[in-house]
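Colleague: Sending over entry-v4.csv (CSV, C-alpha atoms).
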chain,number,residue,atom,x,y,z
A,246,MET,CA,21.6,5.5,-13.2
A,247,SER,CA,24.2,8.3,-13.3
A,248,GLU,CA,27.7,8.0,-12.2
A,249,SER,CA,28.4,11.7,-12.6
A,250,GLY,CA,28.1,13.9,-9.5
A,251,SER,CA,28.8,10.9,-7.2
A,252,LYS,CA,30.9,12.1,-4.3
A,253,ASN,CA,31.4,8.8,-2.3
A,254,THR,CA,30.9,6.1,-4.9
A,255,GLY,CA,33.5,5.3,-7.5
A,256,PRO,CA,32.7,4.6,-11.1
A,257,ARG,CA,33.4,0.9,-10.6
A,258,GLN,CA,31.0,0.5,-7.7
A,259,SER,CA,28.3,2.7,-9.5
A,260,GLY,CA,28.7,0.4,-12.5
A,261,GLN,CA,28.0,-2.6,-10.3
A,262,TYR,CA,24.7,-1.1,-9.0
A,263,ASP,CA,23.8,0.0,-12.5
A,264,LYS,CA,24.4,-3.5,-13.9
A,265,VAL,CA,22.2,-5.2,-11.3
A,266,LEU,CA,19.4,-2.7,-11.7
A,267,ARG,CA,19.4,-3.0,-15.5
A,268,GLU,CA,19.6,-6.9,-15.3
A,269,ASN,CA,16.5,-7.0,-13.1
A,270,LEU,CA,14.6,-3.9,-14.4
A,271,GLU,CA,11.9,-5.8,-16.4
A,272,VAL,CA,10.9,-7.7,-13.3
A,273,THR,CA,11.2,-4.9,-10.7
A,274,LEU,CA,9.8,-2.0,-12.7
A,275,PRO,CA,6.2,-3.2,-12.7
A,276,VAL,CA,6.3,-3.4,-8.9
A,277,PHE,CA,7.7,0.1,-8.7
A,278,ILE,CA,5.0,1.4,-11.0
A,279,ARG,CA,2.1,-0.3,-9.3
A,280,GLU,CA,3.1,-0.4,-5.6
A,281,VAL,CA,5.4,2.6,-5.2
A,282,LEU,CA,4.1,5.1,-7.8
A,283,GLY,CA,0.4,3.9,-7.5
A,284,ILE,CA,-0.1,3.8,-11.2
A,285,GLU,CA,-2.6,1.2,-12.4
A,286,VAL,CA,-1.4,0.2,-15.9
A,287,ALA,CA,-3.8,-1.0,-18.6
A,288,GLU,CA,-1.2,-1.0,-21.4
A,289,SER,CA,2.6,-0.4,-21.4
A,290,GLU,CA,4.8,0.1,-24.4
A,291,GLU,CA,8.6,0.0,-24.3
A,292,LEU,CA,10.3,3.0,-25.9
A,293,PRO,CA,13.8,3.4,-27.2
A,294,ASP,CA,16.2,4.2,-24.4
A,295,ASP,CA,18.1,6.9,-26.3
A,296,VAL,CA,16.7,10.5,-26.5
A,297,GLN,CA,18.8,12.3,-29.1
A,298,HIS,CA,18.5,15.8,-30.5
A,299,THR,CA,21.6,17.9,-29.8
A,300,LYS,CA,22.9,15.3,-27.3
A,301,GLU,CA,22.2,11.7,-26.4
A,302,ARG,CA,20.6,10.7,-23.1
A,303,LYS,CA,19.8,7.2,-22.0
A,304,PRO,CA,17.0,7.0,-19.3
A,305,ASP,CA,17.1,4.1,-16.8
A,306,ALA,CA,13.5,3.4,-17.6
A,307,LEU,CA,11.2,4.9,-20.3
A,308,LYS,CA,7.7,3.6,-21.1
A,309,LYS,CA,4.5,4.8,-22.7
A,310,ILE,CA,1.8,4.1,-20.2
A,311,THR,CA,-2.0,4.0,-20.6
A,312,THR,CA,-3.8,3.7,-17.2
A,313,VAL,CA,-7.0,1.9,-16.5
A,314,SER,CA,-8.7,5.3,-16.5
A,315,GLY,CA,-7.5,5.9,-20.1
A,316,GLU,CA,-4.8,8.5,-19.4
A,317,THR,CA,-1.7,8.2,-21.6
A,318,PHE,CA,1.7,9.6,-20.7
A,319,LEU,CA,5.4,8.9,-20.8
A,320,LEU,CA,6.9,7.4,-17.6
A,321,HIS,CA,10.6,8.3,-17.1
A,322,MET,CA,12.5,6.9,-14.1
A,323,GLU,CA,16.0,7.3,-12.9
A,324,PHE,CA,17.8,5.4,-10.1
A,325,GLN,CA,20.4,7.3,-8.0
A,326,VAL,CA,22.9,6.1,-5.5
A,327,GLU,CA,24.3,9.6,-4.7
A,328,ASP,CA,23.2,13.2,-4.7
A,329,GLU,CA,23.9,14.8,-8.0
A,330,ASP,CA,24.1,18.6,-8.1
A,331,GLU,CA,23.1,18.7,-11.8
A,332,MET,CA,20.1,16.3,-11.5
A,333,VAL,CA,17.4,18.9,-11.8
A,334,PHE,CA,19.0,20.2,-15.0
A,335,ARG,CA,19.4,16.7,-16.4
A,336,MET,CA,15.8,15.8,-15.7
A,337,ALA,CA,14.7,19.1,-17.3
A,338,GLU,CA,16.7,18.2,-20.4
A,339,TYR,CA,15.0,14.8,-20.5
A,340,TYR,CA,11.6,16.4,-20.1
A,341,ILE,CA,11.9,18.8,-23.0
A,342,MET,CA,13.5,16.2,-25.3
A,343,LEU,CA,10.8,13.6,-24.5
A,344,MET,CA,8.0,16.1,-25.0
A,345,ARG,CA,9.5,17.3,-28.3
A,346,ARG,CA,9.9,13.7,-29.6
A,347,TYR,CA,6.6,12.1,-28.5
A,348,HIS,CA,4.2,15.1,-27.9
A,349,LEU,CA,2.8,13.4,-24.8
A,350,PRO,CA,2.7,14.4,-21.1
A,351,VAL,CA,5.7,13.3,-19.1
A,352,ARG,CA,5.9,12.0,-15.6
A,353,GLN,CA,9.4,11.8,-14.0
A,354,TYR,CA,10.6,10.0,-10.9
A,355,VAL,CA,14.0,9.7,-9.4
A,356,ILE,CA,14.4,6.7,-7.0
A,357,PHE,CA,17.1,7.4,-4.4
A,358,LEU,CA,18.7,4.1,-3.2
A,359,ARG,CA,20.9,5.1,-0.3
A,360,ASP,CA,19.6,5.3,3.3
A,361,LYS,CA,20.4,9.0,3.8
A,362,LYS,CA,18.4,12.1,3.0
A,363,PRO,CA,19.0,13.3,-0.6
A,364,LEU,CA,19.9,16.9,-0.9
A,365,MET,CA,19.7,17.4,-4.6
A,366,ALA,CA,17.3,20.0,-5.9
A,367,LYS,CA,13.9,18.8,-7.1
A,368,SER,CA,12.7,22.0,-8.8
A,369,LEU,CA,13.9,24.8,-11.0
A,370,HIS,CA,12.2,28.1,-11.0
A,371,THR,CA,13.2,31.1,-13.1
A,372,ASN,CA,11.3,34.0,-14.6
A,373,ARG,CA,10.7,32.0,-17.8
A,374,LEU,CA,10.7,28.4,-16.5
A,375,LYS,CA,9.1,26.4,-13.7
A,376,PHE,CA,10.1,22.7,-13.6
A,377,SER,CA,10.0,19.9,-11.1
A,378,TYR,CA,10.3,16.1,-10.8
A,379,GLU,CA,9.3,13.6,-8.1
A,380,LEU,CA,12.2,12.4,-5.8
A,381,LEU,CA,11.4,9.2,-3.9
A,382,GLU,CA,13.5,7.5,-1.2
A,383,ILE,CA,13.5,3.7,-1.2
A,384,SER,CA,14.6,3.8,2.5
A,385,SER,CA,11.2,5.3,3.4
A,386,ILE,CA,9.2,2.4,1.9
A,387,ASN,CA,8.4,-0.6,4.1
A,388,TYR,CA,10.6,-3.5,3.3
A,389,ARG,CA,7.7,-5.9,3.2
A,390,LEU,CA,6.3,-4.3,0.1
A,391,PHE,CA,9.3,-5.8,-1.7
A,392,LEU,CA,9.8,-9.0,0.3
A,393,ASN,CA,6.2,-10.0,-0.3
A,394,ALA,CA,6.8,-10.1,-4.0
A,395,ALA,CA,7.0,-13.4,-5.9
A,396,ASN,CA,10.4,-12.7,-7.6
A,397,PRO,CA,13.8,-12.8,-5.9
A,398,GLU,CA,14.8,-9.7,-8.1
A,399,VAL,CA,12.2,-7.7,-6.2
A,400,LYS,CA,12.7,-9.4,-2.8
A,401,MET,CA,16.3,-8.3,-2.7
A,402,LEU,CA,15.2,-4.6,-2.9
A,403,ALA,CA,13.9,-5.1,0.7
A,404,ILE,CA,17.5,-4.8,1.9
A,405,LEU,CA,17.4,-1.0,0.9
A,406,ALA,CA,14.0,-0.3,2.4
A,407,ASP,CA,12.6,0.7,5.8
A,408,PHE,CA,12.9,-2.0,8.4
A,409,ALA,CA,10.1,-0.4,10.4
A,410,ASN,CA,11.9,-0.4,13.7
A,411,ASN,CA,12.4,-4.1,13.6
A,412,ASP,CA,15.7,-5.7,14.6
A,413,SER,CA,18.2,-5.4,11.7
A,414,TYR,CA,19.6,-8.9,12.1
A,415,SER,CA,16.1,-10.5,12.1
A,416,VAL,CA,15.1,-8.6,9.0
A,417,VAL,CA,18.3,-9.3,7.1
A,418,LYS,CA,18.0,-13.0,8.1
A,419,GLU,CA,14.3,-13.0,6.9
A,420,ILE,CA,15.3,-11.4,3.5
A,421,VAL,CA,18.2,-13.9,3.0
A,422,GLU,CA,16.0,-16.9,3.9
A,423,ASP,CA,13.2,-15.7,1.7
A,424,ILE,CA,15.5,-15.4,-1.3
A,425,ARG,CA,17.0,-18.7,-0.6
A,426,GLY,CA,13.6,-20.4,-0.2
A,427,GLY,CA,12.7,-20.2,-3.8
A,428,LYS,CA,12.9,-23.0,-6.3
A,429,GLU,CA,15.6,-21.4,-8.5
A,430,SER,CA,18.6,-23.3,-9.7
A,431,ASP,CA,21.9,-23.2,-7.8
A,432,PHE,CA,23.3,-20.8,-10.4
A,433,ALA,CA,20.4,-18.4,-10.1
A,434,GLU,CA,20.5,-18.5,-6.3
A,435,SER,CA,24.2,-17.7,-6.4
A,436,ARG,CA,23.5,-14.7,-8.7
A,437,TYR,CA,20.8,-13.4,-6.5
A,438,PHE,CA,23.1,-13.5,-3.4
A,439,LYS,CA,25.9,-11.8,-5.3
A,440,GLN,CA,23.5,-9.0,-6.3
A,441,LEU,CA,22.2,-8.8,-2.8
A,442,ARG,CA,25.7,-8.3,-1.5
A,443,ILE,CA,26.2,-5.4,-4.0
A,444,PHE,CA,23.1,-3.7,-2.6
A,445,VAL,CA,24.3,-4.1,0.9
A,446,GLN,CA,27.1,-1.7,0.1
A,447,LEU,CA,24.5,1.0,-0.2
A,448,ARG,CA,23.5,0.5,3.4
A,449,ARG,CA,26.7,0.3,5.4
A,450,SER,CA,24.9,0.3,8.8
A,451,ILE,CA,23.7,-3.3,8.2
A,452,GLU,CA,26.9,-4.8,6.8
A,453,PRO,CA,27.8,-6.4,10.2
A,454,GLN,CA,24.3,-8.0,10.5
A,455,PHE,CA,24.5,-9.2,6.9
A,456,GLU,CA,27.9,-10.7,7.5
A,457,GLN,CA,26.6,-12.5,10.6
A,458,VAL,CA,23.7,-13.9,8.7
A,459,MET,CA,25.8,-15.1,5.8
A,460,GLU,CA,28.2,-16.8,8.2
A,461,ALA,CA,25.3,-18.4,10.0
A,462,VAL,CA,23.9,-19.7,6.7
A,463,SER,CA,27.0,-21.5,5.5
A,464,LYS,CA,30.2,-20.6,7.3
A,465,PHE,CA,31.6,-20.1,3.8
A,466,PHE,CA,33.2,-16.7,4.5
A,467,LYS,CA,35.1,-17.3,7.7
A,468,GLU,CA,38.5,-16.6,6.1
A,469,GLU,CA,37.5,-14.7,3.0
A,470,ARG,CA,34.5,-12.6,3.8
A,471,ASP,CA,32.1,-11.1,1.3
A,472,PHE,CA,33.3,-7.6,2.0
A,473,LEU,CA,36.9,-8.2,0.9
A,474,PHE,CA,36.6,-6.0,-2.1
A,475,ARG,CA,35.7,-3.1,0.2
A,476,ARG,CA,38.7,-3.8,2.4
A,477,GLY,CA,41.1,-3.8,-0.5
A,478,GLU,CA,42.0,-7.5,-0.1
A,479,SER,CA,40.2,-8.8,-3.2
A,480,LYS,CA,40.4,-8.0,-6.9
A,481,GLY,CA,36.6,-8.1,-7.2
A,482,LEU,CA,33.4,-9.2,-5.6
A,483,GLU,CA,32.8,-12.1,-7.9
A,484,LYS,CA,36.4,-13.5,-7.4
A,485,GLY,CA,36.0,-13.1,-3.6
A,486,LEU,CA,32.7,-14.9,-3.7
A,487,GLU,CA,34.0,-17.8,-5.8
A,488,LYS,CA,37.0,-18.2,-3.5
A,489,GLY,CA,34.7,-18.2,-0.5
A,490,LEU,CA,32.4,-20.8,-2.0
A,491,GLU,CA,35.3,-23.0,-2.9
A,492,LYS,CA,36.6,-23.0,0.7
A,493,GLY,CA,33.0,-23.4,2.0
A,494,LEU,CA,32.4,-26.4,-0.2
A,495,GLU,CA,35.4,-28.2,1.3
A,496,LYS,CA,33.9,-27.9,4.8
A,497,LYS,CA,31.9,-31.1,5.6
A,498,SER,CA,31.9,-30.7,9.3
A,499,HIS,CA,29.1,-31.6,11.6
A,500,GLU,CA,28.9,-28.0,12.8
A,501,VAL,CA,28.2,-26.5,9.4
A,502,VAL,CA,25.4,-29.0,8.5
A,503,ALA,CA,23.9,-28.7,12.0
A,504,ASN,CA,23.7,-24.9,11.6
A,505,LEU,CA,22.0,-25.1,8.2
A,506,ILE,CA,19.4,-27.5,9.6
A,507,SER,CA,18.7,-25.7,12.9
A,508,GLU,CA,19.1,-22.1,11.9
A,509,PHE,CA,17.8,-22.0,8.3
A,510,HIS,CA,15.7,-25.2,8.0
A,511,PHE,CA,17.5,-26.7,5.1
A,512,SER,CA,16.2,-30.0,3.8
A,513,ASP,CA,18.6,-32.9,3.7
A,514,GLU,CA,19.1,-32.4,0.0
A,515,GLN,CA,19.7,-28.7,0.3
A,516,ALA,CA,22.2,-29.1,3.2
A,517,ALA,CA,24.1,-31.8,1.3
A,518,LYS,CA,24.3,-29.8,-1.8
A,519,ALA,CA,25.4,-26.6,0.0
A,520,THR,CA,28.2,-28.4,1.9
A,521,GLY,CA,29.3,-31.0,-0.6
A,522,THR,CA,28.4,-33.8,1.7
A,523,THR,CA,26.0,-36.8,1.2
A,524,VAL,CA,22.4,-37.0,2.1
A,525,GLU,CA,23.3,-39.9,4.4
A,526,PHE,CA,25.7,-37.7,6.3
A,527,VAL,CA,23.1,-34.9,6.7
A,528,LYS,CA,20.6,-37.4,8.0
A,529,GLU,CA,23.1,-38.6,10.6
A,530,VAL,CA,23.6,-34.9,11.7
A,531,ARG,CA,19.9,-34.4,11.9
A,532,ALA,CA,19.4,-37.5,14.0
A,533,SER,CA,22.1,-36.3,16.4
A,534,LEU,CA,20.3,-32.9,16.7
A,535,ASP,CA,17.0,-34.7,17.5
A,536,LYS,CA,18.7,-36.5,20.3
A,537,ALA,CA,20.3,-33.4,21.8
Write the structure described by the file as structure tokens, please.
Modeller:
Amino acid sequence: MSESGSKNTGPRQSGQYDKVLRENLEVTLPVFIREVLGIEVAESEELPDDVQHTKERKPDALKKITTVSGETFLLHMEFQVEDEDEMVFRMAEYYIMLMRRYHLPVRQYVIFLRDKKPLMAKSLHTNRLKFSYELLEISSINYRLFLNAANPEVKMLAILADFANNDSYSVVKEIVEDIRGGKESDFAESRYFKQLRIFVQLRRSIEPQFEQVMEAVSKFFKEERDFLFRRGESKGLEKGLEKGLEKGLEKKSHEVVANLISEFHFSDEQAAKATGTTVEFVKEVRASLDKA
């Protein structure tokens, strides 16, 4: 995912998106290939991610694909968070270098991750050259395509997709609950939520709803909200999250536990673990809710 040509996203933030995408690529890429691109893969081979002749390029995703119908080609994918004026030239460079190296047909796709219309050129036509690549917008894909996946790495991509005229708060809550509902360890769940918060920065319009959902889930971020790094009050997303969790874990109030039970259907064990209380305390809160 390129940082060059980015007009609104600084290198540090672009690096965060790039890191999350690369960490999860092996899990998310098959879903993109099958569900978004409509390619039925019979065999897939990982290829080196550097393409070097006169210069070095590192594609976001590069695989040799053989389909169920027997067609073999190179699949090249790039993920973009901003319009890049030079993208068409960059993709053309990739195309020529890949064909020269592997002598196979090349299919190229750019996946645009922001919820705005990309303006970068998709084709290049001169007297001697005609070239084009496919530009796909994740915001035009129904969010359930990602949310219905089995893996949290794929589910979190739903936050960038089309909510299909549904209420934003309800959809964000559904996404957060679905990611939390898995059987992953506490560490893994924390990692997924941190990654989800990074993706939310690509969709500013739902930040208020996301903030409300996260407050409803735990009340952990009442004083130090997740978006502190955007407001210039924190030295980094991870530090802000850790501080927020530390403060949240100290809150053993009846209100927090009651909210986790009533709003997000935590079990006694989950609520106790999330708030640092005992299972007995949670059971007392649950009993009081049943009487109310």
Colleague: Report, in Å to a single decimal, how far apart CA of Ala517 in chain A and CA of Leu534 in chain A are.
Modeller: 15.9 Å
Colleague: Neighbouring residues of Glu323 in chain A were defined as those with any atom within 9 Å, considering only C-alpha atoms; residues of the same chain fewer than 3 positions away were excluded. Please report them as JSON, numbers by chain.
Modeller: {"A": [246, 247, 304, 305, 306, 336, 353, 354, 355, 356, 357]}
Colleague: Distance CA of Phe376 in chain A-CA of Ala337 in chain A, one decimal place?
Modeller: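 Answer for the CA of Phe376 in chain A to CA of Ala337 in chain A separation: 6.9 Å.
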Colleague: Go through A:Val445, A:Val281, A:Val502, A:Val333 one by one, measure the shortest atom-to-atom distance of each to Leu364 in chain A using all atoms listed in the file, and give the residue with the smallest value.
Modeller: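 Nearest to Leu364 in chain A: A:Val333.
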Colleague: Would you work out the distance separating CA of Ala403 in chain A from CA of Val458 in chain A, expressed in Å to one decimal?
Modeller: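 Atom-to-atom, CA of Ala403 in chain A and CA of Val458 in chain A are spaced 15.4 Å apart.
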Colleague: At a cut-off of 10 Å, using all atoms listed in the file, what residues contact Pro453 in chain A? Leave out same-chain residues fewer than 5 positions from it and give the result as number ranges by chain.
Modeller: A: 413-414, 458-459, 472
Colleague: Show me as a ChimeraX atom specification the residues that reach within 6 Å of (1.4, 7.2, -10.4), counting only C-alpha atoms and using the file's own coordinates.
Modeller: /A:282-284
Colleague: Counting all atoms listed in the file, figure out which residue out of A:Arg359, A:Phe334, A:Ala395, A:Phe526 gets nearest to Lys375 in chain A.
Modeller: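 Looking only at the distances to Lys375 in chain A, the closest residue turns out to be A:Phe334.
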Colleague: So which one's closest to Asp263 in chain A, A:Ala366, A:Leu405, A:Ile386, A:Val326? Using only C-alpha atoms, please.
Modeller: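 Smallest distance to Asp263 in chain A is found for A:Val326.
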Colleague: Which is closest to Asp423 in chain A among A:Phe391, A:Phe277, A:Phe318, A:Phe408, if we use all atoms listed in the file?
Modeller: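 Closest candidate: A:Phe391.
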